[in-house]
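Coordinates as given in query14.txt (compact mmCIF, C-alpha atoms):
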```
# COMPACT_ATOMS: atom_id res chain seq x y z
CA MET F 22 -2.24 1.95 -10.26
CA ARG F 23 -1.53 5.62 -10.80
CA ILE F 24 1.73 7.57 -10.83
CA LEU F 25 1.58 11.30 -10.26
CA GLY F 26 4.31 13.34 -11.91
CA ILE F 27 5.37 16.62 -10.29
CA ALA F 28 7.72 19.01 -12.04
CA GLY F 29 9.46 21.40 -9.65
CA SER F 30 9.83 23.99 -12.39
CA LEU F 31 6.81 26.15 -13.22
CA ARG F 32 7.62 27.37 -16.72
CA ALA F 33 5.80 25.78 -19.65
CA ASP F 34 8.92 24.77 -21.59
CA SER F 35 10.58 23.12 -18.58
CA HIS F 36 13.31 20.50 -18.99
CA ASN F 37 11.89 18.68 -16.01
CA LYS F 38 8.43 18.51 -17.56
CA ARG F 39 10.11 17.01 -20.60
CA LEU F 40 11.95 14.54 -18.38
CA LEU F 41 8.67 13.53 -16.74
CA ALA F 42 7.13 12.97 -20.16
CA ALA F 43 10.08 10.76 -21.09
CA ALA F 44 9.64 8.83 -17.85
CA ALA F 45 5.90 8.41 -18.41
CA ARG F 46 6.61 6.59 -21.68
CA LEU F 47 8.56 3.99 -19.73
CA LEU F 48 5.70 3.07 -17.41
CA PRO F 49 4.00 -0.31 -17.82
CA GLU F 50 0.79 -0.18 -19.85
CA ASP F 51 -1.47 -0.90 -16.88
CA VAL F 52 -0.14 2.12 -14.98
CA GLU F 53 -1.94 5.41 -15.39
CA TYR F 54 0.19 8.56 -15.47
CA VAL F 55 -1.07 11.98 -14.42
CA GLU F 56 0.99 15.14 -14.26
CA PHE F 57 0.11 17.57 -11.51
CA ALA F 58 -0.62 20.98 -13.02
CA GLY F 59 -1.48 23.14 -10.02
CA LEU F 60 1.86 23.78 -8.36
CA LYS F 61 1.95 27.52 -9.12
CA GLU F 62 -1.47 28.12 -7.54
CA ILE F 63 -0.53 26.69 -4.12
CA PRO F 64 -0.37 29.55 -1.58
CA PRO F 65 2.48 29.92 0.90
CA PHE F 66 2.17 27.59 3.86
CA ASP F 67 0.72 29.37 6.88
CA GLU F 68 -0.45 27.61 10.01
CA ASP F 69 -3.17 30.22 10.36
CA ASP F 70 -4.68 28.96 7.08
CA GLU F 71 -4.59 25.28 7.95
CA GLN F 72 -8.28 24.98 8.80
CA GLN F 73 -9.23 26.41 5.39
CA PRO F 74 -6.23 25.93 3.13
CA GLY F 75 -8.19 26.60 -0.06
CA LYS F 76 -8.89 24.76 -3.29
CA ALA F 77 -5.32 24.73 -4.64
CA VAL F 78 -4.03 22.90 -1.56
CA GLU F 79 -7.03 20.56 -1.57
CA ARG F 80 -6.40 19.68 -5.21
CA TRP F 81 -2.74 18.98 -4.41
CA ARG F 82 -3.59 16.75 -1.46
CA GLU F 83 -6.27 14.93 -3.45
CA ALA F 84 -3.82 14.35 -6.29
CA ILE F 85 -1.35 12.78 -3.84
CA ALA F 86 -4.04 10.75 -2.10
CA GLY F 87 -5.20 9.37 -5.44
CA ALA F 88 -1.73 8.31 -6.53
CA ASP F 89 0.14 5.11 -5.69
CA GLY F 90 3.48 6.69 -6.49
CA LEU F 91 4.91 10.18 -6.85
CA LEU F 92 7.57 10.96 -9.42
CA PHE F 93 9.28 14.29 -8.76
CA ALA F 94 11.48 15.96 -11.37
CA THR F 95 13.29 18.92 -9.91
CA PRO F 96 15.55 21.65 -11.21
CA GLU F 97 18.22 23.09 -8.95
CA TYR F 98 18.05 26.65 -7.66
CA ASN F 99 21.03 27.79 -5.61
CA ALA F 100 22.04 24.23 -4.77
CA SER F 101 18.57 23.26 -3.57
CA ILE F 102 14.99 22.73 -4.66
CA PRO F 103 12.64 25.48 -5.88
CA GLY F 104 10.81 27.25 -3.07
CA GLN F 105 7.41 26.56 -4.56
CA LEU F 106 8.07 22.82 -4.59
CA LYS F 107 9.26 22.86 -0.98
CA ASN F 108 6.17 24.85 -0.03
CA ALA F 109 3.88 22.27 -1.65
CA ILE F 110 5.59 19.43 0.24
CA ASP F 111 5.18 21.40 3.47
CA TRP F 112 1.43 21.52 2.87
CA ALA F 113 1.41 17.79 2.10
CA SER F 114 3.20 17.07 5.37
CA ARG F 115 0.34 18.47 7.43
CA PRO F 116 -1.52 17.72 9.66
CA PRO F 117 1.28 15.93 11.50
CA ASP F 118 -0.87 13.08 12.84
CA ASP F 119 -2.04 11.97 9.39
CA PRO F 120 -0.35 13.77 6.51
CA VAL F 121 -1.29 12.69 3.00
CA ILE F 122 2.33 12.13 2.03
CA ARG F 123 3.13 9.64 4.80
CA ASN F 124 4.21 6.25 3.42
CA ARG F 125 3.50 7.47 -0.12
CA ASN F 126 6.04 5.97 -2.49
CA ALA F 127 8.20 8.57 -4.17
CA ALA F 128 11.11 8.80 -6.58
CA VAL F 129 13.21 11.79 -7.50
CA ILE F 130 14.80 12.65 -10.83
CA GLY F 131 16.05 15.96 -12.17
CA ALA F 132 17.38 17.84 -15.15
CA SER F 133 19.38 21.01 -15.62
CA SER F 134 20.96 22.80 -18.52
CA SER F 135 24.27 22.83 -16.63
CA MET F 136 26.78 20.00 -16.34
CA PHE F 137 25.46 18.91 -12.91
CA GLY F 138 21.95 17.67 -13.64
CA ALA F 139 20.39 19.02 -10.44
CA ALA F 140 22.14 16.37 -8.36
CA TRP F 141 22.23 18.44 -5.17
CA ALA F 142 18.60 19.40 -5.52
CA GLN F 143 17.68 15.74 -5.85
CA ALA F 144 19.55 14.89 -2.63
CA GLU F 145 17.79 17.75 -0.85
CA LEU F 146 14.42 16.70 -2.20
CA ARG F 147 14.91 13.11 -1.05
CA LYS F 148 15.72 14.41 2.43
CA VAL F 149 12.68 16.68 2.54
CA LEU F 150 10.32 13.96 1.28
CA ALA F 151 11.66 11.36 3.73
CA THR F 152 11.32 13.75 6.64
CA ALA F 153 7.77 14.51 5.56
CA GLY F 154 7.14 10.75 5.82
CA ALA F 155 7.33 9.48 2.25
CA ARG F 156 8.99 6.23 1.18
CA VAL F 157 11.71 7.58 -1.09
CA LEU F 158 13.82 5.50 -3.44
CA ASP F 159 17.50 5.84 -2.64
CA LYS F 160 18.37 6.58 -6.26
CA ASP F 161 18.70 9.63 -8.43
CA LEU F 162 18.89 10.53 -12.09
CA PRO F 163 20.89 13.70 -12.70
CA LEU F 164 20.31 14.71 -16.31
CA PRO F 165 22.90 17.37 -17.32
CA TYR F 166 22.91 19.44 -20.52
CA ALA F 167 19.14 19.08 -20.77
CA LEU F 168 18.92 21.30 -23.84
CA GLU F 169 20.54 18.56 -25.91
CA ALA F 170 19.28 15.54 -23.97
CA PHE F 171 16.04 14.76 -25.82
CA ASP F 172 15.44 13.61 -29.36
CA GLU F 173 12.63 14.81 -31.65
CA ASP F 174 10.17 12.31 -30.18
CA GLY F 175 10.87 13.45 -26.64
CA ARG F 176 12.89 10.37 -25.76
CA LEU F 177 16.21 10.64 -23.99
CA SER F 178 18.82 10.42 -26.72
CA ASP F 179 21.30 8.61 -24.48
CA ARG F 180 19.87 5.09 -24.23
CA ASP F 181 21.93 4.30 -21.13
CA VAL F 182 20.35 7.22 -19.30
CA GLU F 183 16.96 6.12 -20.55
CA ALA F 184 17.63 2.63 -19.16
CA ARG F 185 18.48 4.12 -15.75
CA LEU F 186 15.30 6.16 -15.84
CA ALA F 187 13.34 3.00 -16.69
CA GLU F 188 14.95 1.28 -13.71
CA ILE F 189 13.88 4.06 -11.34
CA VAL F 190 10.37 4.20 -12.75
CA GLY F 191 10.11 0.40 -12.54
CA GLU F 192 11.24 0.36 -8.94
CA LEU F 193 8.74 3.08 -8.02
CA VAL F 194 5.93 1.03 -9.58
CA GLU F 195 7.13 -2.11 -7.77
CA GLN F 196 7.17 -0.35 -4.38
CA ALA F 197 3.73 1.10 -5.08
CA ARG F 198 2.43 -2.41 -5.83
CA ILE F 199 3.82 -3.71 -2.53
CA SER F 200 2.12 -0.89 -0.61
CA ARG F 201 -1.14 -1.48 -2.44
CA GLU F 202 -1.08 -5.21 -1.66
CA LEU F 203 -0.27 -4.51 2.00
CA ALA F 204 -3.19 -2.08 2.24
CA LEU F 205 -5.56 -4.62 0.69
CA SER F 206 -4.37 -7.39 3.00
CA ARG F 207 -5.14 -5.41 6.16
CA MET P 29 14.55 -22.89 27.16
CA ALA P 30 17.19 -22.99 29.85
CA THR P 31 15.90 -21.33 32.96
CA ALA P 32 17.38 -21.00 36.38
CA THR P 33 15.03 -19.47 38.89
CA GLY P 34 16.03 -18.17 42.28
CA ILE P 35 12.48 -17.10 43.02
CA GLU P 36 9.60 -19.51 43.26
CA ILE P 37 6.77 -18.32 41.02
CA ALA P 38 3.33 -19.94 40.85
CA PRO P 39 2.95 -21.76 37.53
CA GLY P 40 0.61 -20.37 34.88
CA THR P 41 0.33 -17.67 32.25
CA TYR P 42 1.10 -14.09 33.23
CA THR P 43 -0.01 -11.28 30.93
CA ALA P 44 1.31 -7.71 30.94
CA ASP P 45 -1.04 -5.27 32.64
CA PRO P 46 -1.06 -2.35 30.16
CA VAL P 47 -1.50 0.34 32.80
CA HIS P 48 1.56 -0.77 34.74
CA SER P 49 3.76 -1.76 31.82
CA ASN P 50 5.97 0.41 29.63
CA VAL P 51 8.21 -0.28 26.69
CA THR P 52 10.50 2.64 25.94
CA PHE P 53 13.60 3.56 23.99
CA THR P 54 16.33 6.06 24.79
CA VAL P 55 18.76 7.53 22.29
CA ARG P 56 21.42 10.24 22.34
CA HIS P 57 20.22 13.50 20.74
CA PHE P 58 22.63 16.08 19.23
CA GLY P 59 25.43 14.20 20.99
CA ALA P 60 24.20 15.88 24.16
CA GLY P 61 20.99 14.98 25.96
CA LYS P 62 18.98 11.81 25.86
CA PHE P 63 15.68 11.45 24.10
CA ARG P 64 13.04 9.02 25.28
CA GLY P 65 10.03 7.61 23.48
CA GLY P 66 7.74 4.66 24.01
CA PHE P 67 5.03 2.45 22.58
CA GLU P 68 1.43 2.81 23.73
CA GLN P 69 0.44 -0.67 22.57
CA ALA P 70 2.66 -3.31 24.14
CA GLU P 71 1.89 -6.94 24.95
CA ALA P 72 3.92 -9.47 26.88
CA THR P 73 3.37 -12.91 28.35
CA LEU P 74 5.34 -14.97 30.81
CA GLN P 75 4.65 -18.69 30.95
CA VAL P 76 5.72 -20.45 34.11
CA SER P 77 5.71 -24.22 33.83
CA GLU P 78 5.01 -26.65 36.69
CA SER P 79 8.73 -27.35 36.81
CA GLY P 80 9.49 -23.62 37.13
CA GLU P 81 10.71 -22.93 33.61
CA LEU P 82 10.04 -19.42 32.33
CA ALA P 83 9.13 -18.43 28.77
CA LEU P 84 8.94 -14.72 28.05
CA GLU P 85 7.85 -12.98 24.89
CA GLY P 86 6.42 -9.65 23.92
CA LYS P 87 5.70 -7.28 21.09
CA VAL P 88 4.77 -3.69 20.46
CA GLN P 89 2.76 -2.07 17.68
CA ALA P 90 5.26 0.19 15.94
CA ALA P 91 2.50 2.61 14.89
CA SER P 92 1.72 3.24 18.55
CA VAL P 93 5.05 5.04 19.02
CA GLN P 94 4.67 8.00 21.34
CA VAL P 95 6.92 11.00 21.81
CA LYS P 96 6.24 14.50 23.05
CA GLU P 97 6.00 16.06 19.59
CA ALA P 98 3.40 15.06 17.00
CA GLN P 99 5.49 15.95 13.93
CA LEU P 100 8.33 13.83 15.25
CA ALA P 101 6.00 10.92 16.02
CA GLY P 102 4.94 11.03 12.39
CA HIS P 103 8.56 10.97 11.22
CA LEU P 104 9.30 8.00 13.49
CA LYS P 105 6.44 6.04 11.85
CA SER P 106 7.76 6.75 8.38
CA PRO P 107 10.26 4.73 6.32
CA ASP P 108 13.10 6.90 7.70
CA PHE P 109 12.68 5.12 11.06
CA PHE P 110 10.23 2.34 12.04
CA ASP P 111 8.44 2.14 8.66
CA VAL P 112 5.22 1.00 10.30
CA GLU P 113 3.46 0.37 7.00
CA ARG P 114 5.87 -2.44 6.10
CA TYR P 115 6.87 -3.53 9.62
CA PRO P 116 3.90 -3.13 11.96
CA GLU P 117 5.34 -5.07 14.92
CA ILE P 118 8.56 -5.11 16.93
CA SER P 119 8.96 -8.31 18.92
CA PHE P 120 11.17 -10.05 21.44
CA ARG P 121 11.36 -13.69 22.51
CA ALA P 122 13.62 -14.90 25.30
CA VAL P 123 15.64 -18.03 24.56
CA ASP P 124 17.61 -18.21 27.81
CA LEU P 125 16.46 -16.70 31.05
CA GLN P 126 18.33 -16.76 34.37
CA VAL P 127 16.93 -15.39 37.63
CA GLY P 128 19.25 -15.08 40.62
CA GLU P 129 18.12 -15.46 44.22
CA ASP P 130 18.25 -11.68 44.54
CA GLY P 131 15.94 -11.35 41.52
CA LYS P 132 18.70 -10.30 39.14
CA LEU P 133 17.62 -11.20 35.65
CA GLU P 134 19.84 -12.11 32.70
CA VAL P 135 18.15 -12.88 29.40
CA ASP P 136 19.33 -13.85 25.94
CA GLY P 137 16.65 -13.41 23.33
CA ASP P 138 15.75 -12.64 19.75
CA LEU P 139 14.78 -9.09 18.92
CA THR P 140 12.96 -8.57 15.62
CA LEU P 141 12.84 -5.04 14.26
CA LYS P 142 12.09 -4.19 10.61
CA ALA P 143 12.21 -7.90 9.68
CA THR P 144 15.75 -8.25 11.05
CA THR P 145 16.16 -10.69 13.93
CA LYS P 146 19.24 -10.54 16.12
CA ARG P 147 20.24 -12.19 19.38
CA VAL P 148 20.56 -9.65 22.19
CA HIS P 149 21.46 -9.86 25.85
CA ALA P 150 19.25 -7.99 28.30
CA SER P 151 19.72 -7.49 32.04
CA GLY P 152 17.38 -6.40 34.76
CA GLU P 153 15.36 -7.53 37.69
CA LEU P 154 12.46 -9.83 38.45
CA THR P 155 10.14 -9.28 41.40
CA TYR P 156 7.17 -11.33 42.54
CA LEU P 157 4.03 -10.82 44.57
CA ALA P 158 2.17 -14.07 45.28
CA ALA P 159 -1.17 -12.36 45.82
CA ASP P 160 -2.20 -8.75 45.23
CA PRO P 161 -5.26 -7.30 47.05
CA TYR P 162 -7.45 -9.12 44.51
CA GLY P 163 -5.71 -12.44 44.92
CA ASN P 164 -3.82 -12.25 41.60
CA ALA P 165 -0.18 -13.25 41.36
CA ARG P 166 2.03 -10.54 39.86
CA VAL P 167 5.51 -10.68 38.35
CA GLY P 168 7.48 -7.53 37.78
CA ILE P 169 10.08 -7.66 35.03
CA GLU P 170 12.46 -4.87 34.19
CA LEU P 171 14.83 -5.52 31.32
CA SER P 172 17.04 -3.36 29.19
CA THR P 173 19.45 -3.87 26.35
CA ASP P 174 21.56 -1.68 24.09
CA ILE P 175 21.34 -2.12 20.34
CA ASP P 176 22.88 -0.48 17.30
CA ARG P 177 19.75 0.66 15.42
CA THR P 178 21.58 0.68 12.08
CA GLU P 179 21.98 -3.12 12.31
CA TYR P 180 18.18 -3.31 12.04
CA GLY P 181 17.88 -0.94 9.09
CA VAL P 182 16.92 2.09 11.19
CA ASP P 183 19.65 4.11 9.59
CA PHE P 184 18.54 7.75 9.62
CA ALA P 185 21.86 9.58 9.55
CA ALA P 186 21.48 13.36 9.64
CA GLU P 187 24.46 15.21 11.11
CA LEU P 188 25.11 18.59 12.65
CA PRO P 189 27.95 20.71 11.27
CA GLY P 190 31.15 19.03 12.40
CA GLY P 191 29.72 15.56 11.98
CA VAL P 192 27.84 15.20 15.27
CA PRO P 193 24.93 12.80 14.67
CA VAL P 194 21.47 14.28 15.22
CA VAL P 195 20.28 10.88 16.47
CA GLY P 196 22.77 8.42 17.99
CA LYS P 197 23.20 4.90 16.66
CA GLU P 198 23.10 3.24 20.07
CA VAL P 199 19.60 2.83 21.46
CA THR P 200 18.67 1.51 24.89
CA LEU P 201 15.46 -0.51 24.84
CA THR P 202 13.71 -0.94 28.16
CA ALA P 203 10.70 -3.01 29.16
CA GLU P 204 9.15 -2.40 32.56
CA LEU P 205 6.40 -4.94 32.84
CA GLU P 206 3.89 -5.95 35.46
CA LEU P 207 2.55 -9.35 34.46
CA VAL P 208 -0.57 -10.71 36.09
CA LYS P 209 -1.99 -14.20 36.51
CA PRO P 210 -5.67 -13.89 37.37
CA ASN P 211 -6.82 -15.58 40.56
CA GLN P 212 -8.75 -18.60 39.34
CA ALA P 213 -9.87 -19.71 42.78
```

Please express what this file holds, its structure, as structure tokens.
Amino acid sequence: MRILGIAGSLRADSHNKRLLAAAARLLPEDVEYVEFAGLKEIPPFDEDDEQQPGKAVERWREAIAGADGLLFATPEYNASIPGQLKNAIDWASRPPDDPVIRNRNAAVIGASSSMFGAAWAQAELRKVLATAGARVLDKDLPLPYALEAFDEDGRLSDRDVEARLAEIVGELVEQARISRELALSR
Amino acid sequence: MATATGIEIAPGTYTADPVHSNVTFTVRHFGAGKFRGGFEQAEATLQVSESGELALEGKVQAASVQVKEAQLAGHLKSPDFFDVERYPEISFRAVDLQVGEDGKLEVDGDLTLKATTKRVHASGELTYLAADPYGNARVGIELSTDIDRTEYGVDFAAELPGGVPVVGKEVTLTAELELVKPNQA
């Protein structure tokens, strides 16, 4: 069982990368966690490039294909998700007859330095992922004031928020297990 | 099963001929036109007992959903709509079937969609040909019913500005079947 973490923010010191790291600590021991590191390299989606999308897109699709669950942590840009993240999902939604993201289990969380915790971006991301064909948990985790949200060990200082994050992560793993068992039984 | 039959049908097992059978759905789109889709893989059987009782059941493979746009077909297979990974089949089983002398058909039956089973009433027509050019008996069944898709967990709810639903809640399901009993003579 493998969970792939995807941070929608590209910068190294991203709150959402920190949130993913906090989430990864809450995964059961038998679940492998991998963070996707190639988001910035993915070129803009262009139908003319679909036959030869290039290595960055191949690596992204392989990372999704090799994961049982996807955990997205998104910031909010102008009330929505970052363009580069949307672009990557667009690539993952092609080709339409068998896109790699279809039926892939996904959960969405998000952090911002503002008081809103990227709540709108999370709603938008759930919509985009569902339309692309993913199985998206109907839950969110808006983490506001992200600058003060983590302790020295990288844990969420608010234990209630940490418990909600654990619930989301646990549900993602549970759904991934169901999908895995269904695939094995067919 | 309670059956009243106004048409005398030769007893035996009738199986849907896939070329001449269609299972489709129609739903309001943008509050304006109607959108139609169907299922490529559909099966149905009609059992006719010696005493003339009819037992009808059928199912479709949800992953065989067909519409005129590939991207949309993919979305329909996903958890937003039919969720074919978790719910591969959609099925129907008649529990009460009445055929009038004019062939008018009234059916109560159980529709199972996304693991939710509900009793529905369907109306239509039954026609019968005792022997086709190959000596096979054929029954034509046309049935349709209206359901609220959200009662079965198909609850995609995008709206246009002003609150007009992109996809209506009410869906008309239609089965147009030609069921054949091979000539065993």

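Close contacts of segment 75-87 of chain F, defined as residues with an atom at most 8 Å away when counting only C-alpha atoms, with chain neighbours fewer than 3 positions off set aside, comprise Arg23, Leu25, Phe57, Gly59, Leu60, Glu62, Ile63, Pro64, Leu91, Ala109, Trp112, Ala113, Val121 and Ile122 of chain F.
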
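For the choices F:Asn99, F:Asp51, F:Ala142, F:Gly154, the atom-to-atom distance to Asp119 of chain F is smallest for F:Gly154 when using all atoms listed in the file.
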
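Selected on chain P by distance to chain F: P:Ala98, P:Gln99, P:Ala101, P:Gly102, P:His103, P:Lys105, P:Ser106, P:Pro107, P:Asp108, P:Asp111, P:Glu113, P:Arg114 (within 8 Å, counting all atoms listed in the file).
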
Considering all atoms listed in the file, can you say which of F:Leu41, F:Leu177, F:Met22, F:Ile110 comes closest to Glu195 of chain F?
F:Met22

Shell around Ile37 of chain P at 9 Å using only C-alpha atoms, local window under 3 positions removed, as a list of chain:residue names:
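So the residues in contact are P:Thr33, P:Gly40, P:Val76, P:Gly80, P:Tyr156, P:Leu157, P:Ala158, P:Ala165, P:Val167.
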
Straight-line distance linking atom CA of Ile189 of chain F with atom CA of Arg32 of chain F, stated in Å to one decimal
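We find that atom CA of Ile189 of chain F and atom CA of Arg32 of chain F lie 24.7 Å from each other.
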
Pick out the residues sitting within 12 Å of Ala140 of chain F, and hand them over as a list in words; count only C-alpha atoms, and ignore anything fewer than 4 positions along from it in its own chain.
Ala94, Thr95, Pro96, Glu97, Tyr98, Asn99, Ala100, Ser101, Ile102, Val129, Ile130, Gly131, Ala132, Ser133, Ser135, Met136, Ala144, Glu145, Leu146, Arg147, Lys160, Asp161, Leu162, Pro163, Leu164 and Pro165 of chain F

I'd like the contact shell of Arg39 of chain F - 9 Å cut-off, all atoms listed in the file, skipping same-chain residues fewer than 5 positions apart - returned as a list in words.
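Neighbouring residues, sequence-local ones excluded: Asp34, Ala44, Phe171, Gly175 and Arg176 of chain F.
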
Selection near segment 117-119 of chain P, 8 Å with only C-alpha atoms, sequence-local residues under 5 positions removed, as a list in words
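The contact residues come out as Glu85, Gly86, Lys87, Val88, Gln89, Ala90, Val112, Leu139, Thr140, Leu141 and Lys142 of chain P.
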
Could the residues in this selection be saved with C-alpha atoms as a PDB file, in the frame of the given file?
```
ATOM      1  CA  GLU P  85       7.850 -12.980  24.890  1.00  0.00           C
ATOM      2  CA  GLY P  86       6.420  -9.650  23.920  1.00  0.00           C
ATOM      3  CA  LYS P  87       5.700  -7.280  21.090  1.00  0.00           C
ATOM      4  CA  VAL P  88       4.770  -3.690  20.460  1.00  0.00           C
ATOM      5  CA  GLN P  89       2.760  -2.070  17.680  1.00  0.00           C
ATOM      6  CA  ALA P  90       5.260   0.190  15.940  1.00  0.00           C
ATOM      7  CA  VAL P 112       5.220   1.000  10.300  1.00  0.00           C
ATOM      8  CA  LEU P 139      14.780  -9.090  18.920  1.00  0.00           C
ATOM      9  CA  THR P 140      12.960  -8.570  15.620  1.00  0.00           C
ATOM     10  CA  LEU P 141      12.840  -5.040  14.260  1.00  0.00           C
ATOM     11  CA  LYS P 142      12.090  -4.190  10.610  1.00  0.00           C
TER      12      LYS P 142
END
```

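Note that atom CA of Leu133 of chain P and atom CA of Ile169 of chain P are 8.4 Å apart.
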
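Relative to atom CA of Arg177 of chain P, atom CA of Leu205 of chain F is found at 29.8 Å.
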
Smallest atom-to-atom distance to Gln69 of chain P: which of P:Leu201, P:Ala91, P:Leu154, P:Ala185, using only C-alpha atoms?
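Closest to Gln69 of chain P, using only C-alpha atoms: P:Ala91.
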
Cut-off 7 Å: closest segment 88-205 of chain P/segment 47-58 of chain P atom pairs per residue, using all atoms listed in the file, as CSV:
```
residue,atom,partner,partner_atom,distance
P:Val192,CA,P:Phe58,CA,6.6
P:Pro193,CA,P:Phe58,CA,6.1
P:Val194,CA,P:Phe58,CA,4.5
P:Val195,CA,P:His57,CA,5.0
P:Gly196,CA,P:Arg56,CA,4.9
P:Glu198,CA,P:Val55,CA,6.5
P:Val199,CA,P:Val55,CA,4.8
P:Thr200,CA,P:Thr54,CA,5.1
P:Leu201,CA,P:Phe53,CA,4.6
P:Thr202,CA,P:Thr52,CA,5.3
P:Ala203,CA,P:Val51,CA,4.4
P:Glu204,CA,P:Asn50,CA,5.2
P:Leu205,CA,P:Ser49,CA,4.3
```

Around the point (4.2, -12.1, 35.8), in the coordinates given by the file, pick out the residues reaching within 8 Å, counting all atoms listed in the file, and return them as a count of residues only.
16

Taking all atoms listed in the file into account, name the residue in F:Ser134, F:Ser30, F:Gln143, F:Gln73 that is nearest to Leu106 of chain F.
F:Ser30

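Counting all atoms listed in the file and comparing F:Ala128, F:Ala43, F:Ile27, F:Val194, the residue that lies closest to Arg180 of chain F is F:Ala43.
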
Could segment 186-199 of chain F be completed with N, CA and C atoms and written as a PDB file, in the frame of the given file, please?
```
ATOM      1  N   LEU F 186      16.602   5.578 -16.157  1.00  0.00           N
ATOM      2  CA  LEU F 186      15.300   6.160 -15.840  1.00  0.00           C
ATOM      3  C   LEU F 186      14.237   5.055 -15.769  1.00  0.00           C
ATOM      4  N   ALA F 187      14.303   4.115 -16.691  1.00  0.00           N
ATOM      5  CA  ALA F 187      13.340   3.000 -16.690  1.00  0.00           C
ATOM      6  C   ALA F 187      13.479   2.181 -15.403  1.00  0.00           C
ATOM      7  N   GLU F 188      14.710   2.032 -14.947  1.00  0.00           N
ATOM      8  CA  GLU F 188      14.950   1.280 -13.710  1.00  0.00           C
ATOM      9  C   GLU F 188      14.293   1.980 -12.511  1.00  0.00           C
ATOM     10  N   ILE F 189      14.467   3.299 -12.450  1.00  0.00           N
ATOM     11  CA  ILE F 189      13.880   4.060 -11.340  1.00  0.00           C
ATOM     12  C   ILE F 189      12.359   4.006 -11.394  1.00  0.00           C
ATOM     13  N   VAL F 190      11.822   4.219 -12.577  1.00  0.00           N
ATOM     14  CA  VAL F 190      10.370   4.200 -12.750  1.00  0.00           C
ATOM     15  C   VAL F 190       9.823   2.800 -12.397  1.00  0.00           C
ATOM     16  N   GLY F 191      10.546   1.769 -12.829  1.00  0.00           N
ATOM     17  CA  GLY F 191      10.110   0.400 -12.540  1.00  0.00           C
ATOM     18  C   GLY F 191      10.128   0.100 -11.062  1.00  0.00           C
ATOM     19  N   GLU F 192      11.145   0.609 -10.373  1.00  0.00           N
ATOM     20  CA  GLU F 192      11.240   0.360  -8.940  1.00  0.00           C
ATOM     21  C   GLU F 192      10.135   1.108  -8.178  1.00  0.00           C
ATOM     22  N   LEU F 193       9.834   2.323  -8.640  1.00  0.00           N
ATOM     23  CA  LEU F 193       8.740   3.080  -8.020  1.00  0.00           C
ATOM     24  C   LEU F 193       7.424   2.314  -8.163  1.00  0.00           C
ATOM     25  N   VAL F 194       7.169   1.790  -9.344  1.00  0.00           N
ATOM     26  CA  VAL F 194       5.930   1.030  -9.580  1.00  0.00           C
ATOM     27  C   VAL F 194       5.910  -0.230  -8.699  1.00  0.00           C
ATOM     28  N   GLU F 195       7.054  -0.896  -8.580  1.00  0.00           N
ATOM     29  CA  GLU F 195       7.130  -2.110  -7.770  1.00  0.00           C
ATOM     30  C   GLU F 195       6.822  -1.803  -6.291  1.00  0.00           C
ATOM     31  N   GLN F 196       7.432  -0.727  -5.775  1.00  0.00           N
ATOM     32  CA  GLN F 196       7.170  -0.350  -4.380  1.00  0.00           C
ATOM     33  C   GLN F 196       5.700   0.027  -4.192  1.00  0.00           C
ATOM     34  N   ALA F 197       5.140   0.719  -5.166  1.00  0.00           N
ATOM     35  CA  ALA F 197       3.730   1.100  -5.080  1.00  0.00           C
ATOM     36  C   ALA F 197       2.836  -0.138  -5.058  1.00  0.00           C
ATOM     37  N   ARG F 198       3.212  -1.159  -5.832  1.00  0.00           N
ATOM     38  CA  ARG F 198       2.430  -2.410  -5.830  1.00  0.00           C
ATOM     39  C   ARG F 198       2.490  -3.081  -4.460  1.00  0.00           C
ATOM     40  N   ILE F 199       3.675  -3.091  -3.860  1.00  0.00           N
ATOM     41  CA  ILE F 199       3.820  -3.710  -2.530  1.00  0.00           C
ATOM     42  C   ILE F 199       2.919  -2.982  -1.521  1.00  0.00           C
TER      43      ILE F 199
END
```
